[in-house]
Amino acid sequence: MKRIAVLGALAIVALTQTGCATQVKSLPLAAAGGESRGGVPVYFGQQDHPAVKTQLGDVSYSVRIARKVAGPDEACHEALAEAVRKLRAAANERHANAVVDVSTRFHSTESNSSTDFTCGVSPSAAAIAVKGQLVVLDSN
């Protein structure tokens, strides 16, 4: 009887954990609403940009947002938008006029793409890490 109770408890735990795994996604930046547009331009990967006049240092942020009722792709786009807001805020604070060479990452899966970004999404949250270089670009 004790053995049946233990096996039953293990079965319940296994069933409740089904579907709780985090999924690593690669999604197009274009669907994220053109993150390179806005107050401070953000250039992903090797996107073309004016010549760098001054490098002000590297910056990186991790963002985790609750999924609410959004689908996995929408949640990833929301996490990316929050991460880009943080990059732009850092640029403003350090008097940079752009963020270049931006890469995205979730745990060990990294993307230095100018067309896609990497995000991790679970049933409860979406997460992304971004890093880039704060710079002053030539205005010519």
# chains A, B, ... in the order shown; residues from 1 in each chain; ligands from 1

call {"tool": "select_by_dssp", "arguments": {"residues": "stretch 13-138 of chain A", "states": "alpha helix (DSSP H)", "output": "list in words"}}
result
Val13, Ala14, Leu15, Thr16, Gln17, Pro72, Asp73, Glu74, Ala75, Cys76, His77, Glu78, Ala79, Leu80, Ala81, Glu82, Ala83, Val84, Arg85, Lys86, Leu87, Arg88, Ala89, Ala90, Ala91, Asn92 and Glu93 of chain A

call {"tool": "write_last_selection", "arguments": {"atoms": "N, CA and C atoms", "output": "JSON list (two decimals), in the first residue's frame"}}
result
[["chain", "number", "residue", "atom", "x", "y", "z"],
["A", 13, "VAL", "N", 3.43, 14.29, -9.53],
["A", 13, "VAL", "CA", 4.51, 15.27, -9.73],
["A", 13, "VAL", "C", 4.93, 15.29, -11.19],
["A", 14, "ALA", "N", 5.10, 14.14, -11.79],
["A", 14, "ALA", "CA", 5.51, 14.07, -13.20],
["A", 14, "ALA", "C", 4.47, 14.73, -14.10],
["A", 15, "LEU", "N", 3.21, 14.50, -13.85],
["A", 15, "LEU", "CA", 2.15, 15.10, -14.67],
["A", 15, "LEU", "C", 2.08, 16.61, -14.50],
["A", 16, "THR", "N", 2.30, 17.10, -13.32],
["A", 16, "THR", "CA", 2.23, 18.55, -13.10],
["A", 16, "THR", "C", 3.42, 19.27, -13.72],
["A", 17, "GLN", "N", 4.52, 18.58, -13.89],
["A", 17, "GLN", "CA", 5.72, 19.19, -14.47],
["A", 17, "GLN", "C", 5.75, 19.10, -15.99],
["A", 72, "PRO", "N", 3.77, 32.72, -26.73],
["A", 72, "PRO", "CA", 5.22, 32.70, -26.53],
["A", 72, "PRO", "C", 5.98, 33.72, -27.39],
["A", 73, "ASP", "N", 5.60, 33.88, -28.65],
["A", 73, "ASP", "CA", 6.30, 34.84, -29.51],
["A", 73, "ASP", "C", 6.05, 36.27, -29.03],
["A", 74, "GLU", "N", 4.82, 36.58, -28.69],
["A", 74, "GLU", "CA", 4.49, 37.92, -28.18],
["A", 74, "GLU", "C", 5.27, 38.22, -26.90],
["A", 75, "ALA", "N", 5.38, 37.24, -26.02],
["A", 75, "ALA", "CA", 6.11, 37.43, -24.77],
["A", 75, "ALA", "C", 7.58, 37.69, -25.04],
["A", 76, "CYS", "N", 8.16, 36.97, -26.00],
["A", 76, "CYS", "CA", 9.56, 37.21, -26.36],
["A", 76, "CYS", "C", 9.75, 38.61, -26.93],
["A", 77, "HIS", "N", 8.82, 39.06, -27.78],
["A", 77, "HIS", "CA", 8.91, 40.41, -28.33],
["A", 77, "HIS", "C", 8.80, 41.47, -27.24],
["A", 78, "GLU", "N", 7.94, 41.21, -26.26],
["A", 78, "GLU", "CA", 7.80, 42.13, -25.12],
["A", 78, "GLU", "C", 9.10, 42.18, -24.30],
["A", 79, "ALA", "N", 9.72, 41.03, -24.08],
["A", 79, "ALA", "CA", 10.99, 40.98, -23.34],
["A", 79, "ALA", "C", 12.08, 41.72, -24.11],
["A", 80, "LEU", "N", 12.12, 41.53, -25.42],
["A", 80, "LEU", "CA", 13.11, 42.24, -26.24],
["A", 80, "LEU", "C", 12.89, 43.75, -26.17],
["A", 81, "ALA", "N", 11.65, 44.18, -26.26],
["A", 81, "ALA", "CA", 11.35, 45.62, -26.19],
["A", 81, "ALA", "C", 11.82, 46.21, -24.86],
["A", 82, "GLU", "N", 11.60, 45.49, -23.76],
["A", 82, "GLU", "CA", 12.07, 45.96, -22.45],
["A", 82, "GLU", "C", 13.59, 46.02, -22.40],
["A", 83, "ALA", "N", 14.26, 45.02, -22.97],
["A", 83, "ALA", "CA", 15.73, 45.00, -22.99],
["A", 83, "ALA", "C", 16.27, 46.17, -23.81],
["A", 84, "VAL", "N", 15.64, 46.46, -24.95],
["A", 84, "VAL", "CA", 16.07, 47.59, -25.78],
["A", 84, "VAL", "C", 15.83, 48.91, -25.06],
["A", 85, "ARG", "N", 14.73, 49.02, -24.31],
["A", 85, "ARG", "CA", 14.51, 50.24, -23.50],
["A", 85, "ARG", "C", 15.66, 50.44, -22.51],
["A", 86, "LYS", "N", 16.12, 49.35, -21.91],
["A", 86, "LYS", "CA", 17.23, 49.46, -20.96],
["A", 86, "LYS", "C", 18.53, 49.86, -21.66],
["A", 87, "LEU", "N", 18.78, 49.33, -22.86],
["A", 87, "LEU", "CA", 19.97, 49.73, -23.62],
["A", 87, "LEU", "C", 19.92, 51.21, -23.95],
["A", 88, "ARG", "N", 18.76, 51.68, -24.38],
["A", 88, "ARG", "CA", 18.61, 53.10, -24.73],
["A", 88, "ARG", "C", 18.77, 54.00, -23.51],
["A", 89, "ALA", "N", 18.25, 53.58, -22.38],
["A", 89, "ALA", "CA", 18.40, 54.36, -21.14],
["A", 89, "ALA", "C", 19.87, 54.46, -20.76],
["A", 90, "ALA", "N", 20.60, 53.35, -20.88],
["A", 90, "ALA", "CA", 22.03, 53.37, -20.57],
["A", 90, "ALA", "C", 22.78, 54.29, -21.52],
["A", 91, "ALA", "N", 22.40, 54.28, -22.79],
["A", 91, "ALA", "CA", 23.03, 55.17, -23.77],
["A", 91, "ALA", "C", 22.79, 56.63, -23.40],
["A", 92, "ASN", "N", 21.56, 56.95, -23.04],
["A", 92, "ASN", "CA", 21.25, 58.34, -22.63],
["A", 92, "ASN", "C", 22.04, 58.75, -21.41],
["A", 93, "GLU", "N", 22.14, 57.87, -20.43],
["A", 93, "GLU", "CA", 22.88, 58.18, -19.19],
["A", 93, "GLU", "C", 24.36, 58.43, -19.45]]

call {"tool": "closest_residue", "arguments": {"among": "A:Glu110, A:Asp116, A:Asp138, A:Asp58", "to": "A:Asn97", "atoms": "only C-alpha atoms"}}
result
A:Asp138

call {"tool": "residues_around", "arguments": {"residues": "stretch 40-51 of chain A", "least_positions_apart": "2", "cutoff": "9 Å", "atoms": "only C-alpha atoms", "output": "number ranges by chain"}}
result
A: 29, 35-38, 53, 84, 87-89, 91-92, 96-104, 111-117, 132, 136-140

call {"tool": "closest_residue", "arguments": {"among": "A:Ala129, A:His95, A:Leu134, A:Ser122", "to": "A:Thr109", "atoms": "only C-alpha atoms"}}
result
A:Ala129

call {"tool": "residues_around", "arguments": {"residues": "stretch 60-68 of chain A", "least_positions_apart": "3", "cutoff": "6 Å", "atoms": "only C-alpha atoms", "output": "list in words"}}
result
Ala75, Ser124, Ala125, Ala126, Ala127, Ile128, Ala129, Val130 and Lys131 of chain A

call {"tool": "write_last_selection", "arguments": {"atoms": "C-alpha atoms", "output": "mmCIF file, in the first residue's frame"}}
result
data_model
loop_
_atom_site.group_PDB
_atom_site.id
_atom_site.type_symbol
_atom_site.label_atom_id
_atom_site.label_comp_id
_atom_site.auth_asym_id
_atom_site.auth_seq_id
_atom_site.Cartn_x
_atom_site.Cartn_y
_atom_site.Cartn_z
ATOM 1 C CA ALA A 75 6.106 37.429 -24.766
ATOM 2 C CA SER A 124 4.980 31.573 -16.991
ATOM 3 C CA ALA A 125 7.666 33.924 -18.343
ATOM 4 C CA ALA A 126 9.917 35.064 -21.174
ATOM 5 C CA ALA A 127 13.580 35.916 -20.665
ATOM 6 C CA ILE A 128 16.358 37.442 -22.725
ATOM 7 C CA ALA A 129 19.836 38.839 -22.169
ATOM 8 C CA VAL A 130 21.262 41.579 -24.386
ATOM 9 C CA LYS A 131 24.693 43.122 -24.654
#

call {"tool": "select_by_dssp", "arguments": {"residues": "stretch 48-83 of chain A", "states": "strand (DSSP E or B)", "output": "PyMOL selection string"}}
result
chain A and resi 52-66

call {"tool": "atom_distance", "arguments": {"atom1": "atom CA of A:Ala21", "atom2": "atom CA of A:Pro123"}}
result
8.0 Å

call {"tool": "closest_residue", "arguments": {"among": "A:Val69, A:Val135, A:Val59, A:Val121", "to": "A:Thr22", "atoms": "only C-alpha atoms"}}
result
A:Val121

call {"tool": "atom_distance", "arguments": {"atom1": "atom CA of A:Leu27", "atom2": "atom CA of A:Thr118"}}
result
6.6 Å
